[in-house]
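Engineer: To start, I am sharing the structure in question, which I have written as structure tokens.
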Amino acid sequence: MTKRVVLAYSGGLDTSVAVRWMIEEWGVEVVCVLVDVGQDAGGSESLGELQLRARAAGALECVVVDARREMAEEFCAPAIFANGRYEGKYPLVSALSRPVIVRHLVDQARRFNAQAVAHGCTGKGNDQVRFEVGTAALAPDLEVLAPARNWGMTRADSVDFAQKWDIPIRATKEKIYSIDENLWGRAIECGAIEDPWVAPPDEPYTLTRITNHDPLTVTVSFSQGLPVALDGVTLDLATLISDLNLRVGATGFGRIDMVENRRVGIKSREVYECPAALALIAAHGEVEDLVLERDLHHEKARLESRWAELVYDGMWYSPLKQALDSFIAETQRHVTGDVRLEFCAPGSMRVAGRRSPAALYDHDLATYDAADTFRHGDSEGFVRIYGLGVKTWAARQGAKRSSESP
Ligand code: ARG
């Protein structure tokens with residue numbers, strides 16, 4: 001029986017070549033799955049064209065799955081709850097889409113009675129880890145194939161291969177950037193960016209080209225941690241994210257330039273544009289500042305970086321990541337309120353105001369004016385007992401003046 005493989009197909013050069021290469025080299029049948037996670041907003045190629053390309057490369061079929069809502073509601077939403085940013089900066093754009101794609105790869109592998117799934121990733125990146133660990137978690141019986149890790153072709157070789165097999169590609173032998181995109185933003189690698197000293201050229205950016213020079217104010221409303229409305233208009237999350245990407249991106253806000261640590265041990269300079277992701281995470285954090293009790297807030301902040309690391313490392317479906325999700329979900333019960341964001345100077349944002357019906361902020365406790373209800377006298381005993389241990393220690397050891405300290 002011929003082995004059947006379900007390939008995560010993007011429509012680009014590598015995955016198109018992978019279809020024919022696996023057929024020729026490994027003698028398998030290939031079914032392509034193109035998962036729409038909101039990539040290529042405003043792009044030039046229709047999904048129909050990409051399906052035709054997969055068939056021209058030799059695929060039995062190319063299934064298109066619309067996973068935009070799923071991406072928003074099951075993957076971006078938990079990332080907002082967790083204020084998810086890897087190494088404090090990157091909002092996990094590609095890392096969030098891989099588990100969505102894996103879920104559909106596995107579903108289609110079952111539907112087509114396939115014995116394996118495949119991806120077009122090379123051996124140097126994080127995405128191979130996410131595809132393979134994700135598949136292992138959801139379908140430990142399925143084999144995972146990585147043709148691009150085996151074929152040893154350069155980009156020019158791949159273009160020649162596509163021409164030889166009449167695969168209608170648009171790619172040229174000099175591709176400058178490697179770009180991955182979805183609802184949560186765009187990740188840009190390669191080209192001039194590979195020198196961390198070189199300022200990123202404007203060219204690869206699309207979401208954050210400045211087309212609006214006027215000041216912009218946007219009010220984001222949250223209900224139990226979830227963004228539910230922009231300027232009072234209720235929207236489903238996928239629409240809210242894509243609207244915000246357009247509105248806020250037009251002011252130039254949302255770029256990140258960083259050197260990051262890949263799971264495979266390589267430091268890599270990457271640039272991202274994620275206007276909605278950065279705006280929503282910032283706004284969400286502001287509501288949390290108002291409503292979360294101090295110990296809970298501090299503990300959550302500690303776990304957030306672990307959550308982001310796990311997601312980055314391809315551990316979306318791991319037991320630790322799922323347990324952290326439960327903790328984080330519990331913290332979101334009162335994260336309800338509004339945040340006003342202002343975009344005045346190109347590329348910059350400020351939080352101008354925040355409010356919540358569940359705010360623990362108490363004006364009469366915080367104020368220094370006549371409305372003050374704080375019992376000042378209580379502090380005297382509190383501070384004396386709080387500092388008692390240090391005072392006792394200092395008296396026993398013989399207090400040194402700071403000038404005598406070691
Ligand atoms: N460095 C980012 C990550 O690991 C982005 C990867 C982008 N992937 C790509 N195939 N261009 O999540």
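In the structure tokens, each chain is lettered A, B, ... as it comes, each chain's residues begin at 1, and ligands are numbered from 1 in order of appearance.
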Quick one: residues within 9 Å of A:Val218, only C-alpha atoms, excluding same-chain residues fewer than 2 positions away - as a PyMOL selection string?

Structural biologist: chain A and resi 216+220+230-231+244+247-248+339-343

Engineer: Any chance you can output those residues with N, CA and C atoms as a PDB file, in the first residue's frame?

Structural biologist:
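Now in again_21.pdb:
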ATOM      1  N   LEU A 216      -4.758  59.349  16.726  1.00  0.00           N
ATOM      2  CA  LEU A 216      -5.829  58.351  16.786  1.00  0.00           C
ATOM      3  C   LEU A 216      -6.047  57.955  18.248  1.00  0.00           C
ATOM      4  N   VAL A 220     -10.511  50.277  24.036  1.00  0.00           N
ATOM      5  CA  VAL A 220     -10.700  48.831  23.976  1.00  0.00           C
ATOM      6  C   VAL A 220     -11.437  48.402  25.246  1.00  0.00           C
ATOM      7  N   LEU A 230     -14.385  47.690  20.343  1.00  0.00           N
ATOM      8  CA  LEU A 230     -13.519  48.822  20.018  1.00  0.00           C
ATOM      9  C   LEU A 230     -14.414  50.053  19.926  1.00  0.00           C
ATOM     10  N   ASP A 231     -14.087  51.078  20.683  1.00  0.00           N
ATOM     11  CA  ASP A 231     -14.890  52.305  20.711  1.00  0.00           C
ATOM     12  C   ASP A 231     -16.374  52.008  20.899  1.00  0.00           C
ATOM     13  N   LEU A 244      -8.201  46.218  14.340  1.00  0.00           N
ATOM     14  CA  LEU A 244      -7.200  46.956  15.113  1.00  0.00           C
ATOM     15  C   LEU A 244      -5.852  46.957  14.387  1.00  0.00           C
ATOM     16  N   ARG A 247      -6.247  49.760  11.821  1.00  0.00           N
ATOM     17  CA  ARG A 247      -6.360  51.131  12.356  1.00  0.00           C
ATOM     18  C   ARG A 247      -5.069  51.585  13.021  1.00  0.00           C
ATOM     19  N   VAL A 248      -4.531  50.720  13.866  1.00  0.00           N
ATOM     20  CA  VAL A 248      -3.367  51.093  14.639  1.00  0.00           C
ATOM     21  C   VAL A 248      -2.084  50.956  13.811  1.00  0.00           C
ATOM     22  N   VAL A 339      -9.963  50.575  28.310  1.00  0.00           N
ATOM     23  CA  VAL A 339      -8.654  51.236  28.265  1.00  0.00           C
ATOM     24  C   VAL A 339      -8.621  52.152  27.053  1.00  0.00           C
ATOM     25  N   ARG A 340      -8.161  53.380  27.287  1.00  0.00           N
ATOM     26  CA  ARG A 340      -8.086  54.335  26.176  1.00  0.00           C
ATOM     27  C   ARG A 340      -6.639  54.465  25.706  1.00  0.00           C
ATOM     28  N   LEU A 341      -6.434  54.128  24.435  1.00  0.00           N
ATOM     29  CA  LEU A 341      -5.093  54.158  23.853  1.00  0.00           C
ATOM     30  C   LEU A 341      -4.984  55.355  22.922  1.00  0.00           C
ATOM     31  N   GLU A 342      -3.859  56.047  22.990  1.00  0.00           N
ATOM     32  CA  GLU A 342      -3.647  57.189  22.091  1.00  0.00           C
ATOM     33  C   GLU A 342      -2.405  56.973  21.237  1.00  0.00           C
ATOM     34  N   PHE A 343      -2.561  57.255  19.967  1.00  0.00           N
ATOM     35  CA  PHE A 343      -1.466  57.119  18.997  1.00  0.00           C
ATOM     36  C   PHE A 343      -1.254  58.512  18.420  1.00  0.00           C
TER      37      PHE A 343
END

Engineer: If the limit is 8 Å from any atom of ligand 1, counting only C-alpha atoms and all ligand atoms, which residues qualify? Return them as a ChimeraX atom specification.

Structural biologist: /A:92-95,121,125-127,178-180,187-189,260,262,268,270,312

Engineer: Would you mind listing, for every residue of stretch 4-116 of chain A within 9 Å of stretch 280-298 of chain A, the two atoms forming the shortest contact and the distance between them in Å to one decimal, using only C-alpha atoms, sorted by chain and ascending residue number, as CSV?

Structural biologist:
residue,atom,partner,partner_atom,distance
A:Ala79,CA,A:Ile281,CA,8.4
A:Ile80,CA,A:Ile281,CA,5.6
A:Phe81,CA,A:His284,CA,7.6
A:Ala82,CA,A:Ile281,CA,8.6
A:Asn83,CA,A:Ile281,CA,5.3
A:Gly84,CA,A:Ile281,CA,7.7
A:Arg85,CA,A:Ile281,CA,8.9
A:Pro91,CA,A:Ile281,CA,8.6

Engineer: Based on the backbone DSSP call, show me all residues of stretch 131-173 of chain A assigned helix (DSSP H, G or I), as a list in words.

Structural biologist: Phe131, Glu132, Val133, Gly134, Thr135, Ala136, Ala137, Leu138, Pro147, Ala148, Arg149, Asn150, Arg155, Ala156, Asp157, Ser158, Val159, Asp160, Phe161, Ala162, Gln163 and Lys164 of chain A

Engineer: Could you turn the residues from that selection into a file that holds C-alpha atoms, as a PDB file, in the first residue's frame?

Structural biologist:
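Full text of out.pdb as output:
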ATOM      1  CA  PHE A 131       5.018  20.865  14.227  1.00  0.00           C
ATOM      2  CA  GLU A 132       6.678  17.743  15.520  1.00  0.00           C
ATOM      3  CA  VAL A 133       6.100  18.105  19.253  1.00  0.00           C
ATOM      4  CA  GLY A 134       2.521  19.255  18.549  1.00  0.00           C
ATOM      5  CA  THR A 135       1.845  16.201  16.399  1.00  0.00           C
ATOM      6  CA  ALA A 136       3.439  13.921  18.985  1.00  0.00           C
ATOM      7  CA  ALA A 137       1.049  15.335  21.601  1.00  0.00           C
ATOM      8  CA  LEU A 138      -2.126  15.001  19.532  1.00  0.00           C
ATOM      9  CA  PRO A 147      11.480  16.899   3.392  1.00  0.00           C
ATOM     10  CA  ALA A 148      13.226  20.297   3.512  1.00  0.00           C
ATOM     11  CA  ARG A 149      15.514  18.929   6.219  1.00  0.00           C
ATOM     12  CA  ASN A 150      16.520  16.079   3.907  1.00  0.00           C
ATOM     13  CA  ARG A 155      16.756  28.070  -3.018  1.00  0.00           C
ATOM     14  CA  ALA A 156      18.050  28.244  -6.601  1.00  0.00           C
ATOM     15  CA  ASP A 157      17.938  24.426  -6.797  1.00  0.00           C
ATOM     16  CA  SER A 158      14.328  24.496  -5.607  1.00  0.00           C
ATOM     17  CA  VAL A 159      13.377  27.021  -8.287  1.00  0.00           C
ATOM     18  CA  ASP A 160      15.003  24.774 -10.928  1.00  0.00           C
ATOM     19  CA  PHE A 161      13.194  21.755  -9.482  1.00  0.00           C
ATOM     20  CA  ALA A 162       9.841  23.587  -9.689  1.00  0.00           C
ATOM     21  CA  GLN A 163      10.531  24.579 -13.302  1.00  0.00           C
ATOM     22  CA  LYS A 164      11.519  21.038 -14.238  1.00  0.00           C
TER      23      LYS A 164
END

Engineer: What does the distance between atom CA of A:Ile23 and atom CA of A:Ala171 come to in Å, to one decimal place?

Structural biologist: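 Interatomic distance, atom CA of A:Ile23 to atom CA of A:Ala171: 21.4 Å.
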
Engineer: Give the strand (DSSP E or B) residues of stretch 247-312 of chain A, as assigned by DSSP on the backbone, as a PyMOL selection string.

Structural biologist: chain A and resi 255-261+267-273

Engineer: Save the residues we just selected, N, CA and C atoms, as a compact mmCIF listing (two decimals), in the first residue's frame?

Structural biologist:
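again.txt was written with the following content:
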# COMPACT_ATOMS: atom_id res chain seq x y z
N ARG A 255 5.93 47.76 15.55
CA ARG A 255 7.17 47.09 15.09
C ARG A 255 8.03 46.65 16.27
N ILE A 256 8.68 45.52 16.10
CA ILE A 256 9.63 45.02 17.10
C ILE A 256 10.90 44.61 16.35
N ASP A 257 12.03 44.97 16.92
CA ASP A 257 13.32 44.59 16.34
C ASP A 257 14.09 43.94 17.47
N MET A 258 14.39 42.64 17.36
CA MET A 258 15.02 41.98 18.50
C MET A 258 15.98 40.87 18.10
N VAL A 259 16.87 40.55 19.00
CA VAL A 259 17.71 39.37 18.87
C VAL A 259 17.14 38.34 19.85
N GLU A 260 16.72 37.19 19.35
CA GLU A 260 16.05 36.23 20.22
C GLU A 260 16.79 34.89 20.26
N ASN A 261 16.49 34.12 21.28
CA ASN A 261 17.09 32.79 21.44
C ASN A 261 16.15 31.73 20.91
N LYS A 267 21.08 32.19 18.15
CA LYS A 267 20.57 33.54 18.35
C LYS A 267 20.23 34.11 16.99
N SER A 268 19.09 34.80 16.93
CA SER A 268 18.63 35.23 15.62
C SER A 268 18.06 36.64 15.73
N ARG A 269 18.39 37.50 14.76
CA ARG A 269 17.83 38.85 14.74
C ARG A 269 16.57 38.79 13.89
N GLU A 270 15.47 39.21 14.47
CA GLU A 270 14.19 39.14 13.77
C GLU A 270 13.46 40.46 13.91
N VAL A 271 12.64 40.76 12.93
CA VAL A 271 11.75 41.90 13.11
C VAL A 271 10.31 41.43 12.95
N TYR A 272 9.43 42.10 13.65
CA TYR A 272 8.02 41.74 13.65
C TYR A 272 7.18 42.99 13.48
N GLU A 273 5.99 42.81 12.96
CA GLU A 273 5.00 43.89 13.06
C GLU A 273 3.70 43.27 13.56

Engineer: What is the distance, in Å and to one decimal place, between atom CA of A:Ser221 and atom CA of A:Asp243?

Structural biologist: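 Atom-to-atom, atom CA of A:Ser221 to atom CA of A:Asp243, that is 14.3 Å.
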
Engineer: Set the distance at 8 Å and use only C-alpha atoms: which residues neighbour A:Met71 once local chain neighbours fewer than 6 positions away are removed? I'd like the list as a list in words.

Structural biologist: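 The residues satisfying every condition are Val37, Leu96, Ser97, Val100, Leu183 and Ala238 of chain A.
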
Engineer: Write the residues of the selection above to a file with C-alpha atoms, as a PDB file, in the first residue's frame.

Structural biologist:
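Result saved to out13.pdb:
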ATOM      1  CA  VAL A  37      -4.979  31.541  10.046  1.00  0.00           C
ATOM      2  CA  LEU A  96       0.581  30.530  18.113  1.00  0.00           C
ATOM      3  CA  SER A  97      -0.357  29.469  14.595  1.00  0.00           C
ATOM      4  CA  VAL A 100      -3.731  25.422  15.059  1.00  0.00           C
ATOM      5  CA  LEU A 183      -3.985  37.302  12.394  1.00  0.00           C
ATOM      6  CA  ALA A 238     -11.055  37.754  14.873  1.00  0.00           C
TER       7      ALA A 238
END

Engineer: Using only C-alpha atoms, which of the listed residues (A:Ala56, A:Leu7, A:Ala352, A:Leu320) sits closest to A:Leu105?

Structural biologist: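 Of the candidates, the smallest distance to A:Leu105 is held by A:Leu7.
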
Engineer: Counting only C-alpha atoms, which of A:Leu13, A:Leu324, A:Val31, A:Leu226 gets nearest to A:Lys175?

Structural biologist: A:Leu13

Engineer: Between atom CA of A:Glu203 and atom CA of A:Ser242, what is the distance, to one decimal in Å?

Structural biologist: 21.4 Å

Engineer: When you count only C-alpha atoms, which of these residues is closest to A:Ala67: A:Gln224, A:Asn113, A:Asn182, A:Thr172?

Structural biologist: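 Smallest separation from A:Ala67 among the options: A:Asn182.
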
Engineer: My list of candidates is A:Gly249, A:Pro319, A:Ser46, A:Leu237. Which is closest to A:Ser348 when distances are computed with only C-alpha atoms?

Structural biologist: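 Closest to A:Ser348 of all the choices is A:Gly249.
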
Engineer: Restricting the calculation to only C-alpha atoms, which member of A:Leu145, A:Val19, A:Val5, A:Val129 is positioned closest to A:Ala114?

Structural biologist: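 Smallest separation from A:Ala114 among the options: A:Val5.
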